[in-house]
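Asker: Take a look at this one; I'll ask things after.
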Amino acid sequence: MSESIPQRFSDLVTLRRRVADWRRAGERVVLVPTMGALHEGHLALVAEGRRIGRRVVASIFVNPTQFGPNEDFSRYPRDLEADLALLARAGADAAWTPAAEIMYPPGFSTRIDVSGLTEGLCGPCRPGHFSGVATVVTKLLNQVVPDVALFGEKDFQQLRVIQQAVADLDLAVEIRGVPTVREADGLALSSRNRYLSPEERAAAPRLHAVLAEIAAGTRGGMPVAGPLAEGRAALEAAGFHVQYLAVCDARTLEPVERANGPARVLVAAFLGRTRLIDNVAVREAF
């Protein structure tokens with residue numbers, strides 16, 4: 001695979017011309033939206049894009065509207081040149097790197113709110129977050145006009161919110177989830193993992209291990225209350241501050257008492273100052 005630097009676009013008109021050329025040539029276009037600080041999880045999305053399409057566009061934009069006032073927008077890691085080098089290694093064709101004034105020009109006043117799916121889990125913990133996500137992703141889809149857009153399953157609630165918004169707005173794009181990429185010890189790859197101290201990094205794999213234990217204990221329609229209580233205690237004993245830990249229907253994200261259908265165990269927890277999220281399937285999701 002060639003490691004030529006992907007063509008970088010920061011102007012929307014030029015980007016649209018390039019994508020239009022690909023479409024006229026009958027080439028399938030895949031979008032991989034990112035906020036930069038790329039890691040092997042993002043590269044797995046690009047690899048999947050190359051598998052299912054002819055052209056892969058990766059967007060890099062740290063979206064301010066999905067960060068709360070006390071969250072880490074200002075310190076979120078940014079290294080565009082390193083990101084472009086990784087995209088070259090993965091074989092992306094283009095990088096869409098819009099400035100904030102392109103995404104949110106003066107007078108911008110539209111937001112997309114998805115109800116239902118956003119009312120639990122991360123929704124109450126991060127007011128306005130999913131509105132920011134749904135708005136920026138809708139803009140990216142309208143800008144690139146891909147045939148398919150790929151999102152990691154680590155942010156499972158985000159994936160479901162985007163799928164719902166695309167369905168509700170009749171957008172002509174397929175939204176696909178890609179399985180979470182993990183370190184050898186089970187920790188889900190995340191740009192925020194770099195915030196962990198050595199001691200916190202050593203404890204972090206316990207998060208996935210506990211989720212796997214809960215999933216095993218709730219398969220076959222077994223009650224979820226006992227495994228959830230044991231899991232929360234195990235995480236707190238390992239030094240986590242748990243925001244939520246739940247077994248939810250994989251479609252509606254509503255908590256269930258028994259996993260009688262496709263379900264996910266989902267968690268958000270702080271380890272020190274770093275907020276980690278993860279999820280595992282109780283049964284294979286849709």
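Within each chain, counting starts at residue 1; across the structure tokens, chains are named A, B, ... in the order shown, with ligands numbered 1 upward in that order.
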What's around stretch 174-182 of chain A at 6 Å? Count only C-alpha atoms, leave out sequence neighbours fewer than 3 positions away in its own chain, and write the answer as an NGL selection string.

Answerer: :A and (41 or 148-154 or 186-189)

Asker: I need the residues in stretch 127-225 of chain A that are strand (DSSP E) according to DSSP; give them as a PyMOL selection string.

Answerer: chain A and resi 148-152+174-178

Asker: A:Val136: which residues within 10 Å, counting only C-alpha atoms, same-chain residues fewer than 4 positions away excluded, as a list in words?

Answerer: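 Those residues are Pro33, Phe61, Asn63, Pro64, Thr65, Gln66, Met103, Tyr104, Arg111, Ile112, Phe130, Ser131, Gly132, Leu140, Leu141 and Asn142 of chain A.
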
Asker: How would the residues just picked look written out with N, CA, C and O atoms as a PDB file, in the first residue's frame?

Answerer:
ATOM      1  N   PRO A  33     -15.341   9.886  10.043  1.00  0.00           N
ATOM      2  CA  PRO A  33     -15.246  11.133  10.824  1.00  0.00           C
ATOM      3  C   PRO A  33     -14.381  10.931  12.062  1.00  0.00           C
ATOM      4  O   PRO A  33     -14.528   9.936  12.784  1.00  0.00           O
ATOM      5  N   PHE A  61     -11.711  17.102  12.779  1.00  0.00           N
ATOM      6  CA  PHE A  61     -12.279  18.345  13.302  1.00  0.00           C
ATOM      7  C   PHE A  61     -12.625  18.137  14.761  1.00  0.00           C
ATOM      8  O   PHE A  61     -13.443  17.271  15.097  1.00  0.00           O
ATOM      9  N   ASN A  63     -14.655  19.097  17.470  1.00  0.00           N
ATOM     10  CA  ASN A  63     -15.942  19.793  17.438  1.00  0.00           C
ATOM     11  C   ASN A  63     -16.264  20.446  18.783  1.00  0.00           C
ATOM     12  O   ASN A  63     -16.565  19.752  19.754  1.00  0.00           O
ATOM     13  N   PRO A  64     -16.240  21.772  18.859  1.00  0.00           N
ATOM     14  CA  PRO A  64     -16.453  22.422  20.165  1.00  0.00           C
ATOM     15  C   PRO A  64     -17.851  22.233  20.724  1.00  0.00           C
ATOM     16  O   PRO A  64     -18.032  22.282  21.943  1.00  0.00           O
ATOM     17  N   THR A  65     -18.849  22.000  19.863  1.00  0.00           N
ATOM     18  CA  THR A  65     -20.224  21.960  20.364  1.00  0.00           C
ATOM     19  C   THR A  65     -20.573  20.665  21.074  1.00  0.00           C
ATOM     20  O   THR A  65     -21.653  20.560  21.643  1.00  0.00           O
ATOM     21  N   GLN A  66     -19.675  19.672  21.054  1.00  0.00           N
ATOM     22  CA  GLN A  66     -19.972  18.449  21.793  1.00  0.00           C
ATOM     23  C   GLN A  66     -19.215  18.357  23.109  1.00  0.00           C
ATOM     24  O   GLN A  66     -19.282  17.356  23.806  1.00  0.00           O
ATOM     25  N   MET A 103     -17.218  25.261   9.696  1.00  0.00           N
ATOM     26  CA  MET A 103     -18.263  24.423  10.277  1.00  0.00           C
ATOM     27  C   MET A 103     -19.340  25.264  10.971  1.00  0.00           C
ATOM     28  O   MET A 103     -20.527  24.935  10.896  1.00  0.00           O
ATOM     29  N   TYR A 104     -18.926  26.329  11.606  1.00  0.00           N
ATOM     30  CA  TYR A 104     -19.861  27.178  12.353  1.00  0.00           C
ATOM     31  C   TYR A 104     -19.611  28.646  11.995  1.00  0.00           C
ATOM     32  O   TYR A 104     -19.028  29.397  12.777  1.00  0.00           O
ATOM     33  N   ARG A 111     -29.334  23.445  15.302  1.00  0.00           N
ATOM     34  CA  ARG A 111     -28.844  22.262  16.017  1.00  0.00           C
ATOM     35  C   ARG A 111     -29.833  21.119  15.810  1.00  0.00           C
ATOM     36  O   ARG A 111     -31.037  21.339  15.659  1.00  0.00           O
ATOM     37  N   ILE A 112     -29.322  19.916  15.826  1.00  0.00           N
ATOM     38  CA  ILE A 112     -30.147  18.715  15.667  1.00  0.00           C
ATOM     39  C   ILE A 112     -30.208  17.995  17.001  1.00  0.00           C
ATOM     40  O   ILE A 112     -29.170  17.672  17.598  1.00  0.00           O
ATOM     41  N   PHE A 130     -24.855  15.252  22.664  1.00  0.00           N
ATOM     42  CA  PHE A 130     -25.328  14.528  21.492  1.00  0.00           C
ATOM     43  C   PHE A 130     -25.958  15.448  20.454  1.00  0.00           C
ATOM     44  O   PHE A 130     -25.969  15.130  19.269  1.00  0.00           O
ATOM     45  N   SER A 131     -26.464  16.584  20.886  1.00  0.00           N
ATOM     46  CA  SER A 131     -26.907  17.583  19.919  1.00  0.00           C
ATOM     47  C   SER A 131     -25.707  18.073  19.101  1.00  0.00           C
ATOM     48  O   SER A 131     -25.782  18.221  17.874  1.00  0.00           O
ATOM     49  N   GLY A 132     -24.591  18.317  19.778  1.00  0.00           N
ATOM     50  CA  GLY A 132     -23.385  18.719  19.075  1.00  0.00           C
ATOM     51  C   GLY A 132     -22.888  17.654  18.125  1.00  0.00           C
ATOM     52  O   GLY A 132     -22.467  17.942  17.002  1.00  0.00           O
ATOM     53  N   LEU A 140     -21.033  17.025   8.235  1.00  0.00           N
ATOM     54  CA  LEU A 140     -19.982  16.272   7.548  1.00  0.00           C
ATOM     55  C   LEU A 140     -20.564  15.379   6.457  1.00  0.00           C
ATOM     56  O   LEU A 140     -19.998  15.270   5.363  1.00  0.00           O
ATOM     57  N   LEU A 141     -21.698  14.758   6.745  1.00  0.00           N
ATOM     58  CA  LEU A 141     -22.332  13.905   5.742  1.00  0.00           C
ATOM     59  C   LEU A 141     -22.801  14.731   4.545  1.00  0.00           C
ATOM     60  O   LEU A 141     -22.688  14.296   3.393  1.00  0.00           O
ATOM     61  N   ASN A 142     -23.309  15.915   4.794  1.00  0.00           N
ATOM     62  CA  ASN A 142     -23.746  16.782   3.702  1.00  0.00           C
ATOM     63  C   ASN A 142     -22.569  17.364   2.927  1.00  0.00           C
ATOM     64  O   ASN A 142     -22.673  17.649   1.724  1.00  0.00           O
TER      65      ASN A 142
END

Asker: Do you know which residues are at most 9 Å from A:Gln157 counting only C-alpha atoms, after dropping those on the same chain fewer than 6 positions away, and could you put them as JSON, numbers by chain?

Answerer: {"A": [117, 118, 121, 122, 253, 266]}

Asker: Can you spit out the residues from that selection as a PDB file, in the first residue's frame, using all heavy atoms?

Answerer:
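What ended up in out.pdb:
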ATOM      1  N   LEU A 117     -33.037   8.251  22.574  1.00  0.00           N
ATOM      2  CA  LEU A 117     -31.726   7.608  22.679  1.00  0.00           C
ATOM      3  C   LEU A 117     -30.742   8.416  23.508  1.00  0.00           C
ATOM      4  O   LEU A 117     -29.749   7.876  24.005  1.00  0.00           O
ATOM      5  CB  LEU A 117     -31.138   7.380  21.281  1.00  0.00           C
ATOM      6  CG  LEU A 117     -31.831   6.337  20.410  1.00  0.00           C
ATOM      7  CD1 LEU A 117     -31.314   6.428  18.978  1.00  0.00           C
ATOM      8  CD2 LEU A 117     -31.621   4.937  20.962  1.00  0.00           C
ATOM      9  N   THR A 118     -30.979   9.708  23.676  1.00  0.00           N
ATOM     10  CA  THR A 118     -30.036  10.574  24.385  1.00  0.00           C
ATOM     11  C   THR A 118     -30.443  10.839  25.833  1.00  0.00           C
ATOM     12  O   THR A 118     -29.750  11.585  26.530  1.00  0.00           O
ATOM     13  CB  THR A 118     -29.905  11.920  23.653  1.00  0.00           C
ATOM     14  OG1 THR A 118     -31.171  12.589  23.674  1.00  0.00           O
ATOM     15  CG2 THR A 118     -29.467  11.724  22.212  1.00  0.00           C
ATOM     16  N   LEU A 121     -27.781   7.123  29.963  1.00  0.00           N
ATOM     17  CA  LEU A 121     -26.352   6.885  29.775  1.00  0.00           C
ATOM     18  C   LEU A 121     -25.577   8.207  29.777  1.00  0.00           C
ATOM     19  O   LEU A 121     -25.625   8.936  30.749  1.00  0.00           O
ATOM     20  CB  LEU A 121     -26.123   6.073  28.494  1.00  0.00           C
ATOM     21  CG  LEU A 121     -26.871   4.713  28.439  1.00  0.00           C
ATOM     22  CD1 LEU A 121     -26.708   4.058  27.076  1.00  0.00           C
ATOM     23  CD2 LEU A 121     -26.401   3.794  29.545  1.00  0.00           C
ATOM     24  N   CYS A 122     -24.887   8.539  28.687  1.00  0.00           N
ATOM     25  CA  CYS A 122     -24.077   9.769  28.666  1.00  0.00           C
ATOM     26  C   CYS A 122     -24.919  11.035  28.576  1.00  0.00           C
ATOM     27  O   CYS A 122     -24.406  12.123  28.858  1.00  0.00           O
ATOM     28  CB  CYS A 122     -23.103   9.736  27.488  1.00  0.00           C
ATOM     29  SG  CYS A 122     -21.683   8.625  27.704  1.00  0.00           S
ATOM     30  N   LEU A 253     -31.626   1.517  23.722  1.00  0.00           N
ATOM     31  CA  LEU A 253     -30.743   1.916  24.813  1.00  0.00           C
ATOM     32  C   LEU A 253     -31.481   2.083  26.134  1.00  0.00           C
ATOM     33  O   LEU A 253     -30.965   2.712  27.067  1.00  0.00           O
ATOM     34  CB  LEU A 253     -29.967   3.200  24.465  1.00  0.00           C
ATOM     35  CG  LEU A 253     -29.065   3.115  23.234  1.00  0.00           C
ATOM     36  CD1 LEU A 253     -28.269   4.411  23.076  1.00  0.00           C
ATOM     37  CD2 LEU A 253     -28.131   1.921  23.297  1.00  0.00           C
ATOM     38  N   LEU A 266     -23.030  -1.253  29.168  1.00  0.00           N
ATOM     39  CA  LEU A 266     -22.370   0.029  28.881  1.00  0.00           C
ATOM     40  C   LEU A 266     -21.919   0.693  30.173  1.00  0.00           C
ATOM     41  O   LEU A 266     -22.613   0.608  31.203  1.00  0.00           O
ATOM     42  CB  LEU A 266     -23.321   0.967  28.128  1.00  0.00           C
ATOM     43  CG  LEU A 266     -23.879   0.428  26.810  1.00  0.00           C
ATOM     44  CD1 LEU A 266     -25.350   0.051  26.982  1.00  0.00           C
ATOM     45  CD2 LEU A 266     -23.740   1.442  25.691  1.00  0.00           C
TER      46      LEU A 266
END

Asker: I'd like the interatomic distance between atom CA of A:Val56 and atom CA of A:Phe156, to a tenth of an Å.

Answerer: 22.2 Å

Asker: Using only C-alpha atoms, which of the listed residues (A:Ala268, A:Glu81, A:Leu245, A:Arg55) sits closest to A:Asp21?

Answerer: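 When distances to A:Asp21 are compared using only C-alpha atoms, the smallest one comes from A:Arg55.
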
Asker: Taking 5 positions as the minimum chain separation for residues in the same chain, which residues sit within 10 Å of A:Leu276 when counting only C-alpha atoms? Answer as a ChimeraX atom specification.

Answerer: /A:187-188,190,192-193,204,207,240,242-243,267-271

Asker: List the spatial neighbours of A:Val19 as a ChimeraX atom specification - criterion: any atom at most 10 Å away, only C-alpha atoms, same-chain residues fewer than 2 positions off excluded.

Answerer: /A:14-17,21-25,27-29,55,57,94,143-146

Asker: Enumerate, as an NGL selection string, the complete set of residues in stretch 225-278 of chain A that a backbone-based DSSP assignment places in alpha helix (DSSP H).

Answerer: :A and (225-237)

Asker: Deliver the residues from the most recent selection as a file, using all heavy atoms, as a PDB file, in the first residue's frame.

Answerer:
ATOM      1  N   ALA A 225     -29.585  -7.392  37.686  1.00  0.00           N
ATOM      2  CA  ALA A 225     -29.334  -6.582  38.886  1.00  0.00           C
ATOM      3  C   ALA A 225     -28.122  -7.077  39.665  1.00  0.00           C
ATOM      4  O   ALA A 225     -27.267  -6.275  40.075  1.00  0.00           O
ATOM      5  CB  ALA A 225     -30.576  -6.555  39.769  1.00  0.00           C
ATOM      6  N   GLY A 226     -28.036  -8.378  39.892  1.00  0.00           N
ATOM      7  CA  GLY A 226     -26.924  -8.932  40.667  1.00  0.00           C
ATOM      8  C   GLY A 226     -25.576  -8.702  40.001  1.00  0.00           C
ATOM      9  O   GLY A 226     -24.657  -8.148  40.638  1.00  0.00           O
ATOM     10  N   PRO A 227     -25.398  -9.102  38.748  1.00  0.00           N
ATOM     11  CA  PRO A 227     -24.118  -8.840  38.082  1.00  0.00           C
ATOM     12  C   PRO A 227     -23.752  -7.365  38.012  1.00  0.00           C
ATOM     13  O   PRO A 227     -22.574  -7.016  38.117  1.00  0.00           O
ATOM     14  CB  PRO A 227     -24.337  -9.440  36.683  1.00  0.00           C
ATOM     15  CG  PRO A 227     -25.344 -10.527  36.888  1.00  0.00           C
ATOM     16  CD  PRO A 227     -26.267  -9.985  37.941  1.00  0.00           C
ATOM     17  N   LEU A 228     -24.748  -6.486  37.841  1.00  0.00           N
ATOM     18  CA  LEU A 228     -24.447  -5.051  37.800  1.00  0.00           C
ATOM     19  C   LEU A 228     -23.935  -4.559  39.149  1.00  0.00           C
ATOM     20  O   LEU A 228     -22.981  -3.783  39.213  1.00  0.00           O
ATOM     21  CB  LEU A 228     -25.684  -4.257  37.383  1.00  0.00           C
ATOM     22  CG  LEU A 228     -26.049  -4.278  35.901  1.00  0.00           C
ATOM     23  CD1 LEU A 228     -27.355  -3.532  35.672  1.00  0.00           C
ATOM     24  CD2 LEU A 228     -24.936  -3.672  35.052  1.00  0.00           C
ATOM     25  N   ALA A 229     -24.567  -5.001  40.234  1.00  0.00           N
ATOM     26  CA  ALA A 229     -24.120  -4.576  41.563  1.00  0.00           C
ATOM     27  C   ALA A 229     -22.707  -5.078  41.842  1.00  0.00           C
ATOM     28  O   ALA A 229     -21.859  -4.337  42.375  1.00  0.00           O
ATOM     29  CB  ALA A 229     -25.097  -5.086  42.622  1.00  0.00           C
ATOM     30  N   GLU A 230     -22.447  -6.326  41.481  1.00  0.00           N
ATOM     31  CA  GLU A 230     -21.106  -6.878  41.690  1.00  0.00           C
ATOM     32  C   GLU A 230     -20.080  -6.142  40.829  1.00  0.00           C
ATOM     33  O   GLU A 230     -18.962  -5.865  41.274  1.00  0.00           O
ATOM     34  CB  GLU A 230     -21.106  -8.373  41.355  1.00  0.00           C
ATOM     35  CG  GLU A 230     -21.948  -9.209  42.317  1.00  0.00           C
ATOM     36  CD  GLU A 230     -22.113 -10.640  41.839  1.00  0.00           C
ATOM     37  OE1 GLU A 230     -21.505 -11.006  40.791  1.00  0.00           O
ATOM     38  OE2 GLU A 230     -22.835 -11.410  42.509  1.00  0.00           O
ATOM     39  N   GLY A 231     -20.465  -5.819  39.604  1.00  0.00           N
ATOM     40  CA  GLY A 231     -19.545  -5.114  38.718  1.00  0.00           C
ATOM     41  C   GLY A 231     -19.217  -3.722  39.209  1.00  0.00           C
ATOM     42  O   GLY A 231     -18.057  -3.283  39.160  1.00  0.00           O
ATOM     43  N   ARG A 232     -20.226  -2.998  39.681  1.00  0.00           N
ATOM     44  CA  ARG A 232     -19.982  -1.648  40.204  1.00  0.00           C
ATOM     45  C   ARG A 232     -19.037  -1.709  41.407  1.00  0.00           C
ATOM     46  O   ARG A 232     -18.098  -0.902  41.507  1.00  0.00           O
ATOM     47  CB  ARG A 232     -21.300  -0.990  40.601  1.00  0.00           C
ATOM     48  CG  ARG A 232     -21.140   0.414  41.174  1.00  0.00           C
ATOM     49  CD  ARG A 232     -22.498   1.025  41.503  1.00  0.00           C
ATOM     50  NE  ARG A 232     -23.200   1.442  40.311  1.00  0.00           N
ATOM     51  CZ  ARG A 232     -23.119   2.654  39.772  1.00  0.00           C
ATOM     52  NH1 ARG A 232     -22.336   3.580  40.320  1.00  0.00           N
ATOM     53  NH2 ARG A 232     -23.810   2.953  38.692  1.00  0.00           N
ATOM     54  N   ALA A 233     -19.259  -2.670  42.289  1.00  0.00           N
ATOM     55  CA  ALA A 233     -18.382  -2.806  43.458  1.00  0.00           C
ATOM     56  C   ALA A 233     -16.944  -3.125  43.035  1.00  0.00           C
ATOM     57  O   ALA A 233     -15.984  -2.587  43.605  1.00  0.00           O
ATOM     58  CB  ALA A 233     -18.918  -3.892  44.385  1.00  0.00           C
ATOM     59  N   ALA A 234     -16.805  -3.970  42.034  1.00  0.00           N
ATOM     60  CA  ALA A 234     -15.468  -4.335  41.556  1.00  0.00           C
ATOM     61  C   ALA A 234     -14.758  -3.130  40.947  1.00  0.00           C
ATOM     62  O   ALA A 234     -13.549  -2.927  41.157  1.00  0.00           O
ATOM     63  CB  ALA A 234     -15.566  -5.463  40.543  1.00  0.00           C
ATOM     64  N   LEU A 235     -15.470  -2.321  40.201  1.00  0.00           N
ATOM     65  CA  LEU A 235     -14.856  -1.142  39.600  1.00  0.00           C
ATOM     66  C   LEU A 235     -14.466  -0.123  40.663  1.00  0.00           C
ATOM     67  O   LEU A 235     -13.378   0.469  40.597  1.00  0.00           O
ATOM     68  CB  LEU A 235     -15.810  -0.518  38.586  1.00  0.00           C
ATOM     69  CG  LEU A 235     -16.014  -1.304  37.293  1.00  0.00           C
ATOM     70  CD1 LEU A 235     -17.088  -0.646  36.426  1.00  0.00           C
ATOM     71  CD2 LEU A 235     -14.712  -1.418  36.513  1.00  0.00           C
ATOM     72  N   GLU A 236     -15.333   0.102  41.628  1.00  0.00           N
ATOM     73  CA  GLU A 236     -15.006   1.056  42.680  1.00  0.00           C
ATOM     74  C   GLU A 236     -13.803   0.583  43.489  1.00  0.00           C
ATOM     75  O   GLU A 236     -12.945   1.389  43.872  1.00  0.00           O
ATOM     76  CB  GLU A 236     -16.225   1.279  43.568  1.00  0.00           C
ATOM     77  CG  GLU A 236     -17.350   2.035  42.841  1.00  0.00           C
ATOM     78  CD  GLU A 236     -18.628   2.137  43.649  1.00  0.00           C
ATOM     79  OE1 GLU A 236     -18.718   1.452  44.693  1.00  0.00           O
ATOM     80  OE2 GLU A 236     -19.530   2.885  43.224  1.00  0.00           O
ATOM     81  N   ALA A 237     -13.715  -0.730  43.705  1.00  0.00           N
ATOM     82  CA  ALA A 237     -12.567  -1.270  44.432  1.00  0.00           C
ATOM     83  C   ALA A 237     -11.272  -1.087  43.649  1.00  0.00           C
ATOM     84  O   ALA A 237     -10.180  -0.994  44.234  1.00  0.00           O
ATOM     85  CB  ALA A 237     -12.795  -2.755  44.729  1.00  0.00           C
TER      86      ALA A 237
END

Asker: Hey, which of A:Asp79, A:Phe67, A:Glu183, A:Ala172 ends up closest to A:His129? Count only C-alpha atoms.

Answerer: A:Phe67

Asker: Rounded to one decimal place, report the atom CA of A:Asn70-atom CA of A:Gly36 distance in Å.

Answerer: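 One can read the atom CA of A:Asn70 to atom CA of A:Gly36 distance as 20.5 Å.
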
Asker: In Å, rounded to a single decimal, give me how far atom CA of A:Ile60 is from atom CA of A:Asp278.

Answerer: 22.4 Å

Asker: Near A:Gln7, counting only C-alpha atoms, which residues have an atom at most 9 Å away, once you skip same-chain residues fewer than 3 positions from it, shown as a PyMOL selection string?

Answerer: chain A and resi 4+92-96

Asker: Which is closest to A:Ala246 among A:Met222, A:Arg54, A:His208, A:Gly120, if we use only C-alpha atoms?

Answerer: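 Answer, going by the shortest atom-to-atom distance: A:Gly120.
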
Asker: Under the rule that only C-alpha atoms are counted, which of A:Leu87, A:Ala250, A:Val46, A:Val137 is the nearest residue to A:Ala281?

Answerer: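 Comparing A:Leu87, A:Ala250, A:Val46, A:Val137 against A:Ala281, the winner is A:Ala250.
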
Asker: Between A:Val256, A:Thr97, A:Ser197, A:Pro205, which one has atoms that come closest to A:Ala184, using only C-alpha atoms?

Answerer: A:Pro205

Asker: Compare A:Val280, A:Ile52, A:Lys139, A:Val247 by their minimum atom-to-atom distance to A:Pro98, counting only C-alpha atoms, and give me the closest one.

Answerer: A:Lys139
